[in-house]
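For reference, coords14.cif (mmCIF, C-alpha atoms and all ligand atoms):
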```cif
data_entry
#
loop_
_atom_site.label_atom_id
_atom_site.label_comp_id
_atom_site.auth_asym_id
_atom_site.auth_seq_id
_atom_site.Cartn_x
_atom_site.Cartn_y
_atom_site.Cartn_z
CA MET A 1150 -15.92 -12.06 28.16
CA LEU A 1151 -12.79 -11.09 26.28
CA ASP A 1152 -10.76 -13.82 27.95
CA LYS A 1153 -12.50 -16.32 25.66
CA LEU A 1154 -10.58 -14.90 22.75
CA THR A 1155 -7.31 -16.55 21.77
CA GLN A 1156 -4.25 -15.47 19.80
CA LEU A 1157 -4.80 -15.58 16.03
CA PRO A 1158 -2.11 -16.28 13.44
CA GLU A 1159 -0.42 -13.27 11.85
CA ASP A 1160 -1.19 -12.15 8.29
CA SER A 1161 0.80 -14.61 6.19
CA ILE A 1162 2.57 -11.82 4.28
CA LEU A 1163 3.08 -9.21 7.01
CA GLY A 1164 4.14 -11.91 9.50
CA LEU A 1165 7.06 -12.92 7.30
CA ALA A 1166 8.14 -9.30 6.87
CA ALA A 1167 8.17 -8.97 10.66
CA ALA A 1168 10.30 -12.14 10.94
CA CYS A 1169 12.78 -10.68 8.42
CA ARG A 1170 13.00 -7.40 10.33
CA VAL A 1171 14.30 -9.18 13.45
CA ASP A 1172 16.70 -11.50 11.56
CA PRO A 1173 20.24 -10.36 12.55
CA ASN A 1174 21.90 -11.75 9.36
CA PRO A 1175 23.48 -8.72 7.60
CA HIS A 1176 22.93 -10.45 4.21
CA LYS A 1177 19.18 -10.93 4.75
CA VAL A 1178 16.95 -10.26 1.74
CA ASP A 1179 13.32 -9.18 2.22
CA LEU A 1180 11.17 -10.14 -0.77
CA THR A 1181 7.93 -10.42 1.20
CA VAL A 1182 5.52 -7.46 1.21
CA GLY A 1183 4.68 -5.74 -2.08
CA ILE A 1184 6.27 -2.38 -1.54
CA TYR A 1185 8.55 -0.68 -4.04
CA MET A 1186 12.12 -0.52 -2.75
CA SER A 1187 14.72 1.70 -4.40
CA GLU A 1188 18.24 0.67 -5.32
CA ALA A 1189 19.22 1.94 -1.85
CA GLY A 1190 16.74 -0.47 -0.28
CA ILE A 1191 14.24 2.12 0.90
CA CYS A 1192 10.62 2.77 0.00
CA PRO A 1193 10.89 6.37 -1.23
CA VAL A 1194 8.51 9.33 -0.97
CA PHE A 1195 7.73 10.56 -4.50
CA ASP A 1196 9.09 14.02 -5.23
CA ALA A 1197 5.61 15.14 -6.39
CA VAL A 1198 4.17 13.91 -3.08
CA ARG A 1199 6.78 15.88 -1.15
CA LEU A 1200 5.97 19.04 -3.13
CA ALA A 1201 2.21 18.59 -2.78
CA GLN A 1202 2.69 17.98 0.93
CA GLN A 1203 4.69 21.17 1.40
CA ALA A 1204 1.97 23.17 -0.35
CA LEU A 1205 -0.77 21.44 1.62
CA ILE A 1206 0.89 22.19 4.95
CA GLU A 1207 1.18 25.87 3.97
CA GLU A 1208 -2.39 26.14 2.78
CA GLU A 1209 -4.37 23.75 4.96
CA THR A 1210 -6.89 25.65 7.06
CA THR A 1211 -8.86 22.89 8.75
CA LYS A 1212 -8.84 19.36 9.99
CA ALA A 1213 -12.62 19.13 9.99
CA TYR A 1214 -14.14 15.89 8.66
CA MET A 1215 -13.90 15.05 4.99
CA PRO A 1216 -17.24 14.68 3.20
CA PRO A 1217 -18.45 11.05 3.30
CA ALA A 1218 -17.56 10.55 -0.39
CA GLY A 1219 -14.14 12.11 0.15
CA ASP A 1220 -12.34 14.85 -1.74
CA ALA A 1221 -14.07 15.87 -4.97
CA THR A 1222 -10.81 16.77 -6.77
CA PHE A 1223 -9.36 13.39 -5.83
CA ASN A 1224 -12.49 11.58 -7.01
CA THR A 1225 -12.53 13.18 -10.45
CA GLY A 1226 -8.75 12.78 -10.78
CA MET A 1227 -8.96 9.07 -9.98
CA GLN A 1228 -11.87 8.53 -12.36
CA ARG A 1229 -9.84 10.07 -15.18
CA LEU A 1230 -6.68 8.22 -14.24
CA VAL A 1231 -8.33 4.82 -14.29
CA MET A 1232 -10.99 5.30 -16.99
CA GLY A 1233 -8.94 7.58 -19.27
CA GLY A 1234 -9.74 11.22 -20.07
CA ASP A 1235 -11.66 10.22 -23.21
CA SER A 1236 -13.83 7.55 -21.57
CA PRO A 1237 -17.34 7.52 -23.12
CA ALA A 1238 -18.84 6.29 -19.82
CA LEU A 1239 -17.22 9.23 -18.02
CA ALA A 1240 -18.52 11.71 -20.61
CA ALA A 1241 -22.01 10.24 -20.25
CA GLY A 1242 -21.93 10.78 -16.47
CA ARG A 1243 -22.22 7.03 -15.92
CA VAL A 1244 -19.18 6.91 -13.60
CA SER A 1245 -19.13 7.76 -9.91
CA SER A 1246 -16.77 7.04 -7.06
CA ILE A 1247 -15.98 7.53 -3.42
CA GLN A 1248 -12.62 7.97 -1.77
CA THR A 1249 -11.75 4.98 0.40
CA PRO A 1250 -9.08 4.01 2.94
CA GLY A 1251 -6.73 2.39 0.40
CA GLY A 1252 -7.54 -0.18 -2.24
CA CYS A 1253 -8.54 -2.49 0.61
CA GLY A 1254 -11.26 -0.02 1.62
CA ALA A 1255 -12.40 0.14 -2.01
CA ILE A 1256 -12.65 -3.64 -2.22
CA ARG A 1257 -14.64 -3.75 1.00
CA ILE A 1258 -16.99 -0.96 -0.13
CA GLY A 1259 -17.42 -2.72 -3.48
CA ALA A 1260 -18.30 -5.90 -1.59
CA GLU A 1261 -20.88 -4.05 0.53
CA VAL A 1262 -22.51 -2.59 -2.55
CA ILE A 1263 -22.60 -5.99 -4.26
CA HIS A 1264 -24.15 -7.52 -1.16
CA ALA A 1265 -26.82 -4.79 -1.07
CA ALA A 1266 -27.70 -5.46 -4.72
CA ALA A 1267 -27.43 -9.26 -4.65
CA PRO A 1268 -26.93 -10.86 -1.22
CA ASP A 1269 -26.55 -14.31 -2.79
CA ALA A 1270 -23.92 -13.18 -5.29
CA ARG A 1271 -21.02 -15.57 -5.78
CA VAL A 1272 -17.64 -13.94 -6.34
CA TRP A 1273 -15.37 -15.77 -8.77
CA VAL A 1274 -11.73 -15.34 -7.80
CA SER A 1275 -8.63 -16.41 -9.69
CA ASP A 1276 -6.62 -19.42 -8.51
CA PRO A 1277 -4.53 -18.07 -6.95
CA THR A 1278 -5.58 -14.60 -5.87
CA TRP A 1279 -4.32 -12.11 -3.28
CA PRO A 1280 -5.18 -13.83 0.04
CA VAL A 1281 -6.59 -10.58 1.52
CA HIS A 1282 -9.39 -10.64 -1.09
CA ILE A 1283 -11.04 -13.46 0.83
CA PRO A 1284 -11.62 -11.65 4.18
CA LEU A 1285 -12.36 -8.33 2.44
CA LEU A 1286 -15.15 -9.83 0.33
CA GLY A 1287 -16.15 -12.76 2.50
CA SER A 1288 -16.77 -10.75 5.69
CA VAL A 1289 -19.70 -9.08 3.96
CA GLY A 1290 -21.32 -12.49 3.43
CA LEU A 1291 -20.49 -13.11 -0.21
CA SER A 1292 -19.55 -16.65 -1.21
CA PHE A 1293 -16.69 -17.68 -3.48
CA GLU A 1294 -16.08 -19.74 -6.56
CA THR A 1295 -12.63 -20.19 -8.07
CA TYR A 1296 -11.56 -20.01 -11.69
CA ARG A 1297 -8.35 -21.51 -13.03
CA TYR A 1298 -5.80 -18.79 -13.76
CA TYR A 1299 -2.12 -19.52 -13.22
CA ASP A 1300 -0.46 -22.51 -14.82
CA PRO A 1301 2.68 -23.25 -12.75
CA ALA A 1302 4.12 -25.57 -15.43
CA GLU A 1303 3.95 -22.88 -18.12
CA HIS A 1304 4.45 -19.93 -15.71
CA GLY A 1305 1.60 -18.15 -17.46
CA VAL A 1306 -2.16 -17.73 -17.65
CA ASN A 1307 -4.20 -20.86 -18.31
CA PHE A 1308 -6.71 -18.90 -20.35
CA GLU A 1309 -8.52 -21.97 -21.66
CA GLY A 1310 -9.11 -23.13 -18.09
CA MET A 1311 -10.19 -19.65 -17.04
CA VAL A 1312 -12.75 -19.39 -19.83
CA ALA A 1313 -14.04 -22.93 -19.22
CA ASP A 1314 -14.59 -22.18 -15.52
CA LEU A 1315 -16.11 -18.73 -16.07
CA GLN A 1316 -18.65 -20.26 -18.42
CA GLN A 1317 -20.48 -21.21 -15.23
CA ALA A 1318 -20.62 -17.59 -13.98
CA ARG A 1319 -24.15 -16.26 -14.40
CA ARG A 1320 -26.21 -13.08 -14.01
CA GLY A 1321 -26.00 -12.09 -10.35
CA ASP A 1322 -22.42 -13.38 -10.04
CA VAL A 1323 -19.32 -11.21 -9.76
CA VAL A 1324 -15.98 -11.97 -11.39
CA LEU A 1325 -12.99 -10.46 -9.62
CA LEU A 1326 -10.17 -9.58 -12.03
CA HIS A 1327 -6.73 -8.10 -11.37
CA GLY A 1328 -6.51 -5.02 -13.59
CA CYS A 1329 -2.76 -5.47 -14.14
CA CYS A 1330 0.33 -6.86 -12.40
CA HIS A 1331 -1.46 -9.89 -10.96
CA ASN A 1332 -0.79 -10.45 -7.28
CA PRO A 1333 0.67 -13.02 -6.60
CA CYS A 1334 1.69 -14.44 -9.99
CA GLY A 1335 2.61 -11.49 -12.24
CA ALA A 1336 0.88 -13.15 -15.23
CA ASP A 1337 -1.59 -10.78 -16.91
CA LEU A 1338 -4.29 -11.11 -19.56
CA SER A 1339 -3.59 -9.85 -23.07
CA LEU A 1340 -5.94 -7.22 -24.45
CA GLU A 1341 -7.47 -9.86 -26.69
CA GLN A 1342 -8.17 -12.00 -23.63
CA TRP A 1343 -9.80 -9.03 -21.88
CA GLY A 1344 -12.00 -8.83 -24.99
CA THR A 1345 -13.04 -12.45 -24.53
CA ILE A 1346 -13.93 -11.75 -20.88
CA ALA A 1347 -16.03 -8.76 -22.03
CA ASP A 1348 -17.83 -11.03 -24.56
CA MET A 1349 -18.58 -13.53 -21.80
CA ALA A 1350 -19.81 -10.82 -19.40
CA GLU A 1351 -22.11 -9.49 -22.13
CA ARG A 1352 -23.45 -12.93 -22.95
CA GLN A 1353 -23.71 -14.36 -19.43
CA GLY A 1354 -24.53 -11.19 -17.51
CA PHE A 1355 -21.96 -11.45 -14.73
CA LEU A 1356 -20.54 -8.27 -13.19
CA PRO A 1357 -16.76 -7.75 -13.43
CA PHE A 1358 -15.06 -6.29 -10.35
CA VAL A 1359 -11.60 -5.06 -11.26
CA ASP A 1360 -8.96 -4.62 -8.56
CA ILE A 1361 -6.30 -2.29 -9.96
CA ALA A 1362 -3.63 -1.65 -7.33
CA TYR A 1363 -0.55 -1.40 -9.58
CA GLN A 1364 -1.49 0.90 -12.46
CA GLY A 1365 1.74 2.30 -13.90
CA LEU A 1366 4.03 -0.42 -12.59
CA GLY A 1367 3.57 -2.99 -15.35
CA ASP A 1368 3.94 -1.27 -18.72
CA GLY A 1369 2.80 2.28 -17.90
CA LEU A 1370 -0.31 4.14 -16.74
CA GLU A 1371 -2.22 3.86 -20.02
CA THR A 1372 -1.31 0.31 -21.06
CA ASP A 1373 -1.95 -1.04 -17.56
CA ALA A 1374 -5.50 0.35 -17.61
CA ALA A 1375 -6.30 -0.92 -21.12
CA GLY A 1376 -8.13 -4.02 -19.88
CA VAL A 1377 -10.39 -2.21 -17.43
CA ARG A 1378 -11.07 0.50 -20.02
CA LEU A 1379 -12.06 -2.11 -22.58
CA LEU A 1380 -14.58 -3.57 -20.13
CA ALA A 1381 -15.92 -0.07 -19.40
CA GLU A 1382 -16.47 0.58 -23.12
CA ARG A 1383 -18.26 -2.68 -23.70
CA LEU A 1384 -20.34 -3.26 -20.58
CA PRO A 1385 -23.11 -1.33 -18.85
CA GLU A 1386 -21.81 -2.00 -15.35
CA LEU A 1387 -18.46 -2.44 -13.66
CA ILE A 1388 -16.95 -1.98 -10.21
CA ILE A 1389 -13.33 -0.89 -9.84
CA ALA A 1390 -11.14 -0.78 -6.72
CA ALA A 1391 -8.18 1.55 -7.31
CA SER A 1392 -5.24 2.31 -5.03
CA CYS A 1393 -2.61 5.04 -4.75
CA SER A 1394 -0.49 2.95 -2.38
CA LYS A 1395 1.99 1.72 -4.98
CA ASN A 1396 1.82 4.14 -7.88
CA MET A 1397 2.07 7.23 -5.65
CA GLY A 1398 3.86 5.55 -2.77
CA LEU A 1399 1.06 6.60 -0.40
CA TYR A 1400 0.82 3.20 1.32
CA ARG A 1401 0.39 4.39 4.91
CA GLU A 1402 -1.87 7.28 3.96
CA ARG A 1403 -4.59 4.76 2.99
CA THR A 1404 -5.63 6.32 -0.28
CA GLY A 1405 -7.93 4.56 -2.73
CA ALA A 1406 -11.15 4.84 -4.69
CA ALA A 1407 -14.22 2.65 -5.26
CA ILE A 1408 -15.38 3.47 -8.77
CA PHE A 1409 -18.76 2.49 -10.20
CA VAL A 1410 -19.55 2.38 -13.90
CA CYS A 1411 -23.32 2.26 -14.13
CA ALA A 1412 -26.00 1.86 -16.78
CA SER A 1413 -27.21 5.46 -16.27
CA ALA A 1414 -26.13 8.73 -14.67
CA ASP A 1415 -29.01 8.40 -12.18
CA ASN A 1416 -27.80 4.99 -11.16
CA ALA A 1417 -24.23 6.30 -10.82
CA ARG A 1418 -25.50 8.92 -8.33
CA ALA A 1419 -27.47 6.27 -6.45
CA LEU A 1420 -24.32 4.18 -6.11
CA VAL A 1421 -22.51 7.04 -4.33
CA SER A 1422 -25.29 7.14 -1.74
CA GLN A 1423 -25.09 3.35 -1.35
CA ALA A 1424 -21.30 3.47 -0.96
CA GLN A 1425 -21.55 6.31 1.59
CA VAL A 1426 -24.03 4.36 3.68
CA ALA A 1427 -21.75 1.32 3.46
CA ALA A 1428 -18.80 3.47 4.60
CA ARG A 1429 -20.85 4.82 7.51
CA ARG A 1430 -21.36 1.27 8.73
CA ILE A 1431 -17.58 0.81 8.88
CA TYR A 1432 -15.64 4.09 9.29
CA SER A 1433 -17.94 7.03 8.31
CA MET A 1434 -15.46 9.32 6.53
CA PRO A 1435 -12.19 8.55 4.77
CA PRO A 1436 -8.81 9.93 5.93
CA ALA A 1437 -7.82 13.24 4.33
CA HIS A 1438 -4.09 13.50 3.89
CA GLY A 1439 -3.27 11.04 1.10
CA ALA A 1440 -6.27 11.95 -1.02
CA LEU A 1441 -5.55 15.68 -0.71
CA LEU A 1442 -2.01 15.00 -1.95
CA ALA A 1443 -3.13 12.72 -4.78
CA GLY A 1444 -5.85 15.21 -5.73
CA ARG A 1445 -3.27 18.01 -5.98
CA ILE A 1446 -0.94 15.88 -8.07
CA LEU A 1447 -3.65 14.75 -10.46
CA SER A 1448 -5.06 18.26 -10.94
CA ASP A 1449 -1.77 20.13 -11.45
CA GLU A 1450 0.05 19.72 -14.75
CA ALA A 1451 3.56 20.18 -13.38
CA LEU A 1452 3.01 17.85 -10.44
CA THR A 1453 1.41 15.26 -12.72
CA ALA A 1454 4.42 15.35 -15.06
CA ASN A 1455 6.84 15.08 -12.14
CA TRP A 1456 4.90 12.13 -10.69
CA GLU A 1457 4.61 10.34 -14.04
CA ASP A 1458 8.37 10.68 -14.66
CA GLU A 1459 9.22 9.12 -11.33
CA LEU A 1460 6.64 6.37 -11.76
CA GLN A 1461 7.98 5.57 -15.22
CA ALA A 1462 11.48 5.32 -13.82
CA MET A 1463 10.25 2.87 -11.16
CA CYS A 1464 8.46 0.83 -13.78
CA ARG A 1465 11.57 0.71 -15.97
CA ARG A 1466 13.68 -0.28 -12.99
CA ILE A 1467 11.35 -3.16 -12.06
CA ASN A 1468 11.42 -4.42 -15.63
CA GLY A 1469 15.23 -4.11 -15.65
CA LEU A 1470 15.38 -6.07 -12.39
CA ARG A 1471 13.29 -8.80 -13.99
CA THR A 1472 15.87 -9.17 -16.75
CA SER A 1473 18.85 -9.08 -14.36
CA LEU A 1474 17.27 -11.55 -11.96
CA MET A 1475 16.45 -13.94 -14.78
CA SER A 1476 20.04 -13.97 -16.02
CA LYS A 1477 21.60 -14.17 -12.54
CA LEU A 1478 19.36 -17.11 -11.59
CA GLN A 1479 20.30 -18.82 -14.83
CA GLN A 1480 23.97 -18.48 -13.93
CA HIS A 1481 23.33 -20.45 -10.75
CA SER A 1482 20.88 -23.04 -12.03
CA ASP A 1483 20.04 -24.84 -15.25
CA ARG A 1484 16.32 -24.03 -14.87
CA ASP A 1485 14.62 -21.75 -17.35
CA PHE A 1486 13.76 -18.52 -15.54
CA SER A 1487 12.77 -16.57 -18.66
CA PHE A 1488 9.20 -16.30 -17.35
CA ILE A 1489 10.36 -13.65 -14.85
CA GLU A 1490 10.97 -11.31 -17.75
CA ARG A 1491 7.57 -11.95 -19.34
CA GLU A 1492 5.60 -11.13 -16.18
CA LYS A 1493 4.40 -7.71 -15.06
CA GLY A 1494 4.58 -5.67 -11.89
CA MET A 1495 6.07 -6.45 -8.52
CA PHE A 1496 5.45 -10.16 -8.18
CA SER A 1497 6.64 -13.48 -9.53
CA PHE A 1498 6.41 -17.08 -8.38
CA LEU A 1499 9.94 -18.46 -8.60
CA GLY A 1500 8.53 -21.99 -8.89
CA LEU A 1501 10.12 -23.33 -5.68
CA THR A 1502 8.46 -25.74 -3.26
CA PRO A 1503 7.36 -24.52 0.19
CA ALA A 1504 10.24 -26.59 1.62
CA GLN A 1505 12.71 -24.75 -0.63
CA ALA A 1506 11.23 -21.36 0.36
CA LEU A 1507 11.64 -22.40 4.00
CA ALA A 1508 15.23 -23.53 3.42
CA LEU A 1509 16.02 -20.15 1.82
CA ARG A 1510 14.64 -18.44 4.89
CA GLU A 1511 16.30 -20.68 7.47
CA GLN A 1512 19.66 -21.25 5.81
CA HIS A 1513 20.17 -17.99 3.88
CA SER A 1514 17.83 -15.38 5.43
CA VAL A 1515 16.18 -14.91 2.04
CA TYR A 1516 12.52 -14.18 2.79
CA MET A 1517 9.82 -14.95 0.24
CA LEU A 1518 6.31 -16.33 0.72
CA ASP A 1519 5.92 -20.12 1.05
CA SER A 1520 4.41 -20.09 -2.43
CA SER A 1521 7.80 -18.70 -3.62
CA ARG A 1522 6.17 -15.36 -4.48
CA ILE A 1523 8.83 -12.69 -4.51
CA ASN A 1524 8.56 -8.92 -4.53
CA VAL A 1525 10.81 -8.22 -7.53
CA ALA A 1526 11.15 -4.62 -6.34
CA GLY A 1527 13.00 -5.87 -3.25
CA VAL A 1528 15.94 -6.97 -5.42
CA ASN A 1529 18.86 -4.56 -5.85
CA GLY A 1530 22.48 -4.44 -6.97
CA ALA A 1531 23.70 -5.22 -3.46
CA ASN A 1532 21.60 -8.37 -2.92
CA ILE A 1533 21.04 -9.88 -6.36
CA ASP A 1534 24.18 -12.08 -6.41
CA TYR A 1535 23.62 -13.35 -2.88
CA LEU A 1536 19.98 -14.06 -3.72
CA ALA A 1537 20.70 -15.91 -6.98
CA GLU A 1538 23.45 -17.95 -5.36
CA ALA A 1539 21.18 -18.92 -2.45
CA VAL A 1540 18.37 -19.97 -4.80
CA GLY A 1541 20.88 -22.00 -6.83
CA LYS A 1542 22.13 -23.77 -3.70
CA VAL A 1543 18.63 -24.61 -2.49
CA LEU A 1544 17.63 -25.89 -5.93
CA ARG A 1545 20.63 -28.23 -5.96
CA GLY A 1546 19.42 -29.50 -2.55
N1 LIG A 1601 -5.26 -5.34 -4.29
C1 LIG A 1601 -4.11 -5.98 -4.42
C2 LIG A 1601 -4.02 -7.12 -5.37
C3 LIG A 1601 -3.00 -5.57 -3.67
O1 LIG A 1601 -1.87 -6.22 -3.81
C4 LIG A 1601 -3.14 -4.48 -2.80
C5 LIG A 1601 -2.03 -4.04 -1.96
O2 LIG A 1601 -0.98 -4.16 -2.02
C6 LIG A 1601 -4.38 -3.83 -2.73
C7 LIG A 1601 -5.41 -4.30 -3.48
C8 LIG A 1601 -4.69 -2.64 -1.89
O3 LIG A 1601 -3.75 -2.07 -1.17
P1 LIG A 1601 -3.99 -0.75 -0.32
O4 LIG A 1601 -5.15 -1.00 0.56
O5 LIG A 1601 -2.73 -0.57 0.39
O6 LIG A 1601 -4.25 0.33 -1.30
O1 LIG A 1602 0.55 -8.60 -1.26
C1 LIG A 1602 1.25 -7.72 -0.76
O2 LIG A 1602 2.37 -7.92 -0.34
C2 LIG A 1602 0.71 -6.29 -0.74
C3 LIG A 1602 0.73 -5.62 0.61
O3 LIG A 1602 -2.66 -7.61 4.62
C4 LIG A 1602 -0.18 -6.15 1.65
O4 LIG A 1602 -0.51 -6.30 -1.33
C5 LIG A 1602 0.06 -7.38 2.24
C6 LIG A 1602 -0.76 -7.86 3.25
C7 LIG A 1602 -1.84 -7.12 3.65
C8 LIG A 1602 -2.10 -5.89 3.06
C9 LIG A 1602 -1.27 -5.42 2.07
#
```

Show me, as structure tokens, the structure contained in the file I just sent.
Amino acid sequence: MLDKLTQLPEDSILGLAAACRVDPNPHKVDLTVGIYMSEAGICPVFDAVRLAQQALIEEETTKAYMPPAGDATFNTGMQRLVMGGDSPALAAGRVSSIQTPGGCGAIRIGAEVIHAAAPDARVWVSDPTWPVHIPLLGSVGLSFETYRYYDPAEHGVNFEGMVADLQQARRGDVVLLHGCCHNPCGADLSLEQWGTIADMAERQGFLPFVDIAYQGLGDGLETDAAGVRLLAERLPELIIAASCSKNMGLYRERTGAAIFVCASADNARALVSQAQVAARRIYSMPPAHGALLAGRILSDEALTANWEDELQAMCRRINGLRTSLMSKLQQHSDRDFSFIEREKGMFSFLGLTPAQALALREQHSVYMLDSSRINVAGVNGANIDYLAEAVGKVLRG
């Protein structure tokens, strides 16, 4: 039976990272997967995570199953982190959540809940969106529509196109939005534009589904959540997929939350039961370790302050790298790269053709996606000159 099954292609992002790992060129530059790399070229463990982990190891008394909804301290901490401590929906008891295996798990649970409520729901995704959104949402049976989002000529959001396309989204449809630090393009909505999306959701009745995987890495924890908070203040219903992979560096611990903003407190409770049943169909209970660490950090003032300091430093460093990369690229090319500085978070499209991205890989061991998406956080003092020079060479042909 199994011999009918054939080899499938690798994940387009992870496959390139694997190719870079085995490249023997000592000058190789890995700008593929969205992980934060320090100046020393490593993906660090946050100091607050290390401290929380030491305490957890001392105090942990069991490895029995987590409850199906996950750790209660983690859940309330994540609700406050994303929604804000003064959220009216939170105060009204209209918010509930379950702990999930990463943001991916949250997206999948959100998709299951949507499918239970509206099996024919269409999910509107940005052009482009994170490629993993498609299997995560599509495997549940939801269908897709696309809205215009990134304008490659302007290196920014085509908001007119987005609004024109979303005018066709109707009650029973879902609109997937990147909460901040758009993956792959780095171009985000302004708060005013979030307001327009809220107006449209109110008028047309579609349900926004916000994927927020980079809170704290664009402008800061509060500013990065301003869009999702605006929607939560204006709309009766909202689904949010949050992740601690990037902003706590808990990638491999698979730590995330599916958050539901509902029209009533009763409905918010019902959604937890729906999400738990959805989780039981896939993995039953979430993993413990990452959520126990995040829960400790979010519920302890000193650990929170320590974590926020380190996150702010990462955010500042990424924004500094954007400026340095822009000016280095401009030294090696007469193109305008100022857009890199205007974008947010880890990603940017450099605006190269797939053939140029391939040439960078084959001739210079500089690894970026074929779309020319780079992980800005993979740039450092030791590789920035080599990188800019290589891009300049490839652009000259
Ligand atoms: N959503 C987007 C746009 C992402 O880029 C990522 C991961 O990098 C995620 C969600 C979820 O990631 P994880 O499952 O590691 O939390
Ligand atoms: O886009 C990225 O690079 C990150 C990490 O299947 C990632 O979001 C990449 C591929 C994947 C899961 C996560």

Do you know which residues are at most 8 Å from A:Ile1533 counting only C-alpha atoms, after dropping those on the same chain fewer than 4 positions away, and could you put them as an mmCIF file with C-alpha atoms, keeping the file's coordinate frame?
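Output file result-v7.cif follows:
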```cif
data_model
loop_
_atom_site.group_PDB
_atom_site.id
_atom_site.type_symbol
_atom_site.label_atom_id
_atom_site.label_comp_id
_atom_site.auth_asym_id
_atom_site.auth_seq_id
_atom_site.Cartn_x
_atom_site.Cartn_y
_atom_site.Cartn_z
ATOM 1 C CA LEU A 1474 17.270 -11.550 -11.960
ATOM 2 C CA LYS A 1477 21.600 -14.170 -12.540
ATOM 3 C CA VAL A 1528 15.940 -6.970 -5.420
ATOM 4 C CA ASN A 1529 18.860 -4.560 -5.850
ATOM 5 C CA ALA A 1537 20.700 -15.910 -6.980
#
```

Original post:
Which one of A:Val1281, A:Cys1169, A:Leu1420, A:Ala1270 sits closest to ligand LIG 1601 (chain A) if you count only C-alpha atoms and all ligand atoms?
Top reply: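 Nearest candidate to ligand LIG 1601 (chain A) out of A:Val1281, A:Cys1169, A:Leu1420, A:Ala1270: A:Val1281.
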
Original post:
Which residues, written as a PyMOL selection string, have at least one atom at most 8 Å from A:Pro1435, with only C-alpha atoms counted and residues fewer than 2 positions away on the same chain left out?
Top reply: chain A and resi 1215+1217-1219+1248-1250+1432-1433+1437

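Interatomic distance, atom CA of A:Pro1158 to atom CA of A:Asp1172: 19.5 Å.
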
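Remark: for ligand LIG 1601 (chain A), the closest of the candidate residues A:Trp1343, A:Tyr1299, A:Phe1496, A:Phe1195 is A:Phe1496 (distances computed over only C-alpha atoms and all ligand atoms).
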
Original post:
Once you count all atoms listed in the file, which residues end up within 7 Å of ligand LIG 1602 (chain A), and could you hand them over as a PyMOL selection string?
Top reply: chain A and resi 1160+1162-1163+1181-1184+1279+1281+1332-1333

If you keep C-alpha atoms, can you produce a file of those selected residues as a CSV table (one decimal), in the coordinates of the input?
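Output (result.csv):
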```csv
chain,number,residue,atom,x,y,z
A,1160,ASP,CA,-1.2,-12.2,8.3
A,1162,ILE,CA,2.6,-11.8,4.3
A,1163,LEU,CA,3.1,-9.2,7.0
A,1181,THR,CA,7.9,-10.4,1.2
A,1182,VAL,CA,5.5,-7.5,1.2
A,1183,GLY,CA,4.7,-5.7,-2.1
A,1184,ILE,CA,6.3,-2.4,-1.5
A,1279,TRP,CA,-4.3,-12.1,-3.3
A,1281,VAL,CA,-6.6,-10.6,1.5
A,1332,ASN,CA,-0.8,-10.4,-7.3
A,1333,PRO,CA,0.7,-13.0,-6.6
```

Original post:
Which residue out of A:Gly1541, A:Gly1405, A:Gly1494, A:Pro1277 has the minimum interatomic distance to A:Asn1224 when only C-alpha atoms are used?
Top reply: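 Nearest to A:Asn1224: A:Gly1405.
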
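Between atom CA of A:Val1525 and atom CA of A:Tyr1185 lies a distance of 8.6 Å.
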
Original post:
What does the distance from atom CA of A:Met1186 to atom CA of A:Cys1464 come to in Å, to one decimal?
Top reply: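 Going from atom CA of A:Met1186 over to atom CA of A:Cys1464, I get 11.7 Å.
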
Selection as a compact mmCIF listing (two decimals) with C-alpha atoms, in the coordinates of the input: residues within 8 Å of ligand LIG 1601 (chain A) by only C-alpha atoms and all ligand atoms:
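File produced: out_29.txt:
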```txt
# COMPACT_ATOMS: atom_id res chain seq x y z
CA VAL A 1182 5.52 -7.46 1.21
CA GLY A 1183 4.68 -5.74 -2.08
CA ILE A 1184 6.27 -2.38 -1.54
CA PRO A 1250 -9.08 4.01 2.94
CA GLY A 1251 -6.73 2.39 0.40
CA GLY A 1252 -7.54 -0.18 -2.24
CA CYS A 1253 -8.54 -2.49 0.61
CA GLY A 1254 -11.26 -0.02 1.62
CA ALA A 1255 -12.40 0.14 -2.01
CA ILE A 1256 -12.65 -3.64 -2.22
CA THR A 1278 -5.58 -14.60 -5.87
CA TRP A 1279 -4.32 -12.11 -3.28
CA VAL A 1281 -6.59 -10.58 1.52
CA HIS A 1282 -9.39 -10.64 -1.09
CA HIS A 1327 -6.73 -8.10 -11.37
CA HIS A 1331 -1.46 -9.89 -10.96
CA ASN A 1332 -0.79 -10.45 -7.28
CA PRO A 1333 0.67 -13.02 -6.60
CA ASP A 1360 -8.96 -4.62 -8.56
CA ILE A 1361 -6.30 -2.29 -9.96
CA ALA A 1362 -3.63 -1.65 -7.33
CA TYR A 1363 -0.55 -1.40 -9.58
CA ALA A 1390 -11.14 -0.78 -6.72
CA ALA A 1391 -8.18 1.55 -7.31
CA SER A 1392 -5.24 2.31 -5.03
CA CYS A 1393 -2.61 5.04 -4.75
CA SER A 1394 -0.49 2.95 -2.38
CA LYS A 1395 1.99 1.72 -4.98
CA TYR A 1400 0.82 3.20 1.32
CA ARG A 1401 0.39 4.39 4.91
CA ARG A 1403 -4.59 4.76 2.99
CA THR A 1404 -5.63 6.32 -0.28
CA GLY A 1405 -7.93 4.56 -2.73
```

Subject >> Minimum-distance residue to A:His1481, chosen among A:Leu1544, A:Ile1446, A:Ala1506, A:Leu1366 (using all atoms listed in the file) >> reply: A:Leu1544
